[in-house]
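S.K.: This is the structure I want to talk about, given as structure tokens.
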Amino acid sequence: MLAVGFYAQKGLVVANLPAPAPGADEVLVRVAHAGFCGSDRALMKSGGLPEGYVLGHEVSGVVGEVGSSVRGISTGMRVTVRPSFCGVCRDCRAGRAYFCQRHRRSIGIGDLPGAFAEILRVYPDMLIPVPPGVDSRNAALAEMYAAALHAARVLDPSEDAVLILGGGPVGLALLQILKLLAPRPVVVAEPRAPRRELARRLGADGVIDPTTEAWGPATFGLTAGIGFGTVFECSGIGANLQVALDCLAPGGRVGLVSIVFTPLEIQPLTLSLKEARIFGVYSNTHAENREVLGWMAAGRLDGRALVTDCVPLEALPETYARRIVTGEAVKVLVQAGEAF
């Protein structure tokens, strides 16, 4: 099968790999679309990936083969994939299955090869059915939107204005989710003009160009001098954590949504004088994925406006260098097989 692996010295490399065979308790999925996530790039830069590892955890596909002991899963089912869980450990019982330490298996970011391949090997409890009316592009984006929904649920923003730092895929997905959940003002800060324009089309009540606008005047002008009640850091720029605190209203909340591997510095006095709270945000749940897919099926949510590039699997390395690293693309989808 065709796949794209990562090598420390070579980067992303297209290769022909042996197709996996399903174990008795496993399922093979024929990949339709897979999204390139900001965390994929962060993992590539982290130095922690094994040579040849296949990334990709945002995926849509069709069940191709089912292991002999698997029940309730049939070939031809349209699915997305999430990490598995045990259901009995402390975190699973608390609804935080993404922290499961007993049975957690994950593709593209953990112990199993990911979706930048034609065939994916998974376990049955990782599968989420795709409802009628949702195509394979939107289905592949469901995990990203579930992550945005999870961020919104973790911080539970008030009715005060919200600031999103970074108009990349997750930031724009969060914008759509926040507007769907409640009628509150949402502002997006993004240096690239096409992304700011896309944010406006998706419902942003205001945009900030951080390359030309000072944070203080912009914040006060957009919030009547109060500051933002909630700030989501989605840019991956470490210095923006302090920016988030500077723009925050007293008693406000900051959510660190982006994946940052390097230590961050903040001014503790800002934290204290504002009684600010900083929340880490990690992953999402099966239920949040199902909720997002339901909104897509009902026509309330559509992620396809974010997709600037949809390329065949073998074009991913070149697209990464030319479109992702440069920031020209918003959301890149890889089409590894037949779309639905």
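Following the order of the structure tokens, chains are lettered A, B, ..., residues in each are numbered from 1, and ligands are numbered from 1.
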Could you give me, as a tab-separated table, a per-residue list for range 195-281 of chain A showing, wherever an atom lies at most 12 Å from an atom of range 320-338 of chain A, the closest pair of atoms and their distance in Å to one decimal, using only C-alpha atoms and sorting by chain then residue number from low to high?
M.R.:
residue	atom	partner	partner_atom	distance
A:Arg195	CA	A:Val330	CA	7.5
A:Arg196	CA	A:Val330	CA	11.2
A:Leu198	CA	A:Val330	CA	9.7
A:Ala199	CA	A:Val330	CA	11.3
A:Ser235	CA	A:Gly327	CA	11.6
S.K.: Determine, counting only C-alpha atoms, which protein, DNA and RNA residues have an atom within 10 Å of an atom of His57 in chain A; residues of the same chain fewer than 2 positions away are not included. Present the result as a PyMOL selection string.
M.R.: chain A and resi 34-37+39-40+54-55+59-60+80-83+106-110+113-116+140+143-144
S.K.: Mind writing the picked residues with C-alpha atoms as a PDB file, in the first residue's frame?
M.R.:
ATOM      1  CA  ALA A  34      -7.078  12.512   6.016  1.00  0.00           C
ATOM      2  CA  GLY A  35      -6.426  16.010   7.360  1.00  0.00           C
ATOM      3  CA  PHE A  36      -3.020  17.472   8.073  1.00  0.00           C
ATOM      4  CA  CYS A  37      -3.179  18.874  11.616  1.00  0.00           C
ATOM      5  CA  SER A  39      -0.059  18.856  15.828  1.00  0.00           C
ATOM      6  CA  ASP A  40       1.371  16.724  12.998  1.00  0.00           C
ATOM      7  CA  VAL A  54       3.084   7.376   9.582  1.00  0.00           C
ATOM      8  CA  LEU A  55       1.247  10.427  10.915  1.00  0.00           C
ATOM      9  CA  VAL A  59      -9.580  10.597   8.976  1.00  0.00           C
ATOM     10  CA  SER A  60     -12.625   9.381   7.123  1.00  0.00           C
ATOM     11  CA  THR A  80     -14.108   8.212  11.453  1.00  0.00           C
ATOM     12  CA  VAL A  81     -11.540   7.114  14.037  1.00  0.00           C
ATOM     13  CA  ARG A  82     -10.779   8.176  17.623  1.00  0.00           C
ATOM     14  CA  PRO A  83      -8.524   6.698  20.349  1.00  0.00           C
ATOM     15  CA  SER A 106      -4.327   5.836  18.937  1.00  0.00           C
ATOM     16  CA  ILE A 107      -3.419   6.370  15.300  1.00  0.00           C
ATOM     17  CA  GLY A 108      -0.921   8.894  13.994  1.00  0.00           C
ATOM     18  CA  ILE A 109      -0.100  10.388  17.387  1.00  0.00           C
ATOM     19  CA  GLY A 110       0.558   7.273  19.436  1.00  0.00           C
ATOM     20  CA  PRO A 113       0.429   4.028  12.319  1.00  0.00           C
ATOM     21  CA  GLY A 114      -1.702   6.908  11.112  1.00  0.00           C
ATOM     22  CA  ALA A 115      -3.977   7.820   8.243  1.00  0.00           C
ATOM     23  CA  PHE A 116      -1.479   9.114   5.691  1.00  0.00           C
ATOM     24  CA  ALA A 140     -12.328  13.876   8.014  1.00  0.00           C
ATOM     25  CA  GLU A 143     -12.108  15.409  14.775  1.00  0.00           C
ATOM     26  CA  MET A 144     -10.755  18.950  14.364  1.00  0.00           C
TER      27      MET A 144
END
S.K.: Hey, can you check how far CA of Ala94 in chain A sits from CA of Ala276 in chain A?
M.R.: 25.7 Å
S.K.: Name the residues of range 206-320 of chain A that fall into strand (DSSP E) according to DSSP on the backbone, using the chain letters and numbers of this document, as an NGL selection string.
M.R.: :A and (206-208 or 228-233 or 248-256 or 277-280 or 307-312)
S.K.: Keeping only C-alpha atoms, write the selected residues as a PDB file, in the first residue's frame.
M.R.:
ATOM      1  CA  GLY A 206     -14.054  41.627  14.243  1.00  0.00           C
ATOM      2  CA  VAL A 207     -10.521  40.837  13.142  1.00  0.00           C
ATOM      3  CA  ILE A 208      -7.130  42.056  14.301  1.00  0.00           C
ATOM      4  CA  PHE A 228     -11.963  39.873  26.402  1.00  0.00           C
ATOM      5  CA  GLY A 229     -13.743  37.543  28.793  1.00  0.00           C
ATOM      6  CA  THR A 230     -12.113  34.499  27.186  1.00  0.00           C
ATOM      7  CA  VAL A 231      -9.019  34.176  24.994  1.00  0.00           C
ATOM      8  CA  PHE A 232      -8.160  31.003  23.087  1.00  0.00           C
ATOM      9  CA  GLU A 233      -4.505  30.612  22.057  1.00  0.00           C
ATOM     10  CA  LEU A 248      -7.977  39.497  29.056  1.00  0.00           C
ATOM     11  CA  ALA A 249     -10.662  41.137  31.166  1.00  0.00           C
ATOM     12  CA  PRO A 250     -10.346  40.816  34.959  1.00  0.00           C
ATOM     13  CA  GLY A 251     -11.479  37.368  36.070  1.00  0.00           C
ATOM     14  CA  GLY A 252     -11.191  36.044  32.529  1.00  0.00           C
ATOM     15  CA  ARG A 253     -10.004  32.712  31.174  1.00  0.00           C
ATOM     16  CA  VAL A 254      -7.242  31.748  28.780  1.00  0.00           C
ATOM     17  CA  GLY A 255      -7.279  28.434  26.935  1.00  0.00           C
ATOM     18  CA  LEU A 256      -4.023  27.012  25.572  1.00  0.00           C
ATOM     19  CA  ARG A 277      -7.192  31.415  34.934  1.00  0.00           C
ATOM     20  CA  ILE A 278      -5.203  29.448  32.364  1.00  0.00           C
ATOM     21  CA  PHE A 279      -6.673  26.189  31.088  1.00  0.00           C
ATOM     22  CA  GLY A 280      -4.899  23.496  29.157  1.00  0.00           C
ATOM     23  CA  VAL A 307     -10.126  23.314   2.837  1.00  0.00           C
ATOM     24  CA  THR A 308      -7.743  25.169   0.536  1.00  0.00           C
ATOM     25  CA  ASP A 309      -5.901  22.063  -0.702  1.00  0.00           C
ATOM     26  CA  CYS A 310      -7.043  18.507  -1.376  1.00  0.00           C
ATOM     27  CA  VAL A 311      -4.165  16.469  -2.770  1.00  0.00           C
ATOM     28  CA  PRO A 312      -3.393  12.810  -3.517  1.00  0.00           C
TER      29      PRO A 312
END
S.K.: Of the candidates A:Ala139, A:Leu12, A:Ala182, A:Ala32, which shows the shortest atom-to-atom distance to Asp160 in chain A, using only C-alpha atoms?
M.R.: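 Going through A:Ala139, A:Leu12, A:Ala182, A:Ala32 one by one, the smallest distance to Asp160 in chain A is for A:Ala182.
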S.K.: Go through range 110-227 of chain A and flag each residue having an atom no more than 8 Å from range 297-303 of chain A; for those, report the closest pair of atoms plus their distance in Å to one decimal, using only C-alpha atoms, ordered by chain and rising number, as a Markdown table.
M.R.:
| residue | atom | partner | partner_atom | distance |
| --- | --- | --- | --- | --- |
| A:Pro131 | CA | A:Ala297 | CA | 6.5 |
| A:Pro132 | CA | A:Ala297 | CA | 6.6 |
| A:Gly133 | CA | A:Ala297 | CA | 5.1 |
| A:Val134 | CA | A:Ala297 | CA | 5.4 |
| A:Asn138 | CA | A:Gly303 | CA | 5.9 |
| A:Leu141 | CA | A:Gly303 | CA | 6.7 |
| A:Ala173 | CA | A:Gly303 | CA | 7.5 |
| A:Gln176 | CA | A:Leu301 | CA | 7.7 |
| A:Leu180 | CA | A:Arg300 | CA | 8.0 |
S.K.: Given only C-alpha atoms as the basis, pick out the residue of A:Ile226, A:Leu112, A:Ala117, A:Tyr98 nearest to Leu2 in chain A.
M.R.: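 Using only C-alpha atoms, Leu2 in chain A sits closest to A:Ala117.
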S.K.: Need to verify the contact set: Arg290 in chain A, 10 Å, only C-alpha atoms, exclusion of same-chain residues closer than 3 positions in sequence. Can you return it as a list in words?
M.R.: Thr80, Ile128, Pro129, Val130, Pro131, Ala142, Glu143, Ala146, Thr285, His286, Ala287, Leu293, Gly294, Trp295 and Met296 of chain A
S.K.: Rank A:Ile259, A:Ile164, A:Leu241, A:Val170 by their smallest atom-to-atom distance to Ala147 in chain A, using only C-alpha atoms, and report the top residue only.
M.R.: A:Val170
S.K.: Name the closest residue to Ile177 in chain A among the candidates A:Val122, A:Ile73, A:Val292, A:Gly23; distances are taken between atoms, counting only C-alpha atoms.
M.R.: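 Nearest candidate to Ile177 in chain A out of A:Val122, A:Ile73, A:Val292, A:Gly23: A:Val292.
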S.K.: Can you tell me which residues surround Tyr53 in chain A at a distance of at most 7 Å, considering only C-alpha atoms, apart from same-chain residues fewer than 2 positions away, and format the answer as a list in words?
M.R.: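 Answer for this query is Gly5, Phe6, Leu49, Pro50, Glu51, Leu55 and Pro113 of chain A.
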S.K.: Store the residues picked out above in a file with N, CA and C atoms, as a PDB file, in the first residue's frame.
M.R.:
ATOM      1  N   GLY A   5       5.670   8.330   5.289  1.00  0.00           N
ATOM      2  CA  GLY A   5       6.312   8.242   6.589  1.00  0.00           C
ATOM      3  C   GLY A   5       7.197   9.444   6.839  1.00  0.00           C
ATOM      4  N   PHE A   6       7.520   9.673   8.108  1.00  0.00           N
ATOM      5  CA  PHE A   6       8.384  10.802   8.474  1.00  0.00           C
ATOM      6  C   PHE A   6       9.749  10.292   8.906  1.00  0.00           C
ATOM      7  N   LEU A  49       9.623  11.457  17.163  1.00  0.00           N
ATOM      8  CA  LEU A  49       8.970  10.439  16.330  1.00  0.00           C
ATOM      9  C   LEU A  49       9.957   9.354  15.909  1.00  0.00           C
ATOM     10  N   PRO A  50       9.546   8.093  15.909  1.00  0.00           N
ATOM     11  CA  PRO A  50      10.406   7.033  15.373  1.00  0.00           C
ATOM     12  C   PRO A  50      10.548   7.179  13.864  1.00  0.00           C
ATOM     13  N   GLU A  51      11.667   6.731  13.328  1.00  0.00           N
ATOM     14  CA  GLU A  51      11.912   6.836  11.899  1.00  0.00           C
ATOM     15  C   GLU A  51      10.847   6.088  11.098  1.00  0.00           C
ATOM     16  N   LEU A  55       2.108   9.510  10.185  1.00  0.00           N
ATOM     17  CA  LEU A  55       1.247  10.427  10.915  1.00  0.00           C
ATOM     18  C   LEU A  55      -0.177  10.400  10.349  1.00  0.00           C
ATOM     19  N   PRO A 113       0.199   3.186  13.489  1.00  0.00           N
ATOM     20  CA  PRO A 113       0.429   4.028  12.319  1.00  0.00           C
ATOM     21  C   PRO A 113      -0.825   4.821  11.970  1.00  0.00           C
TER      22      PRO A 113
END
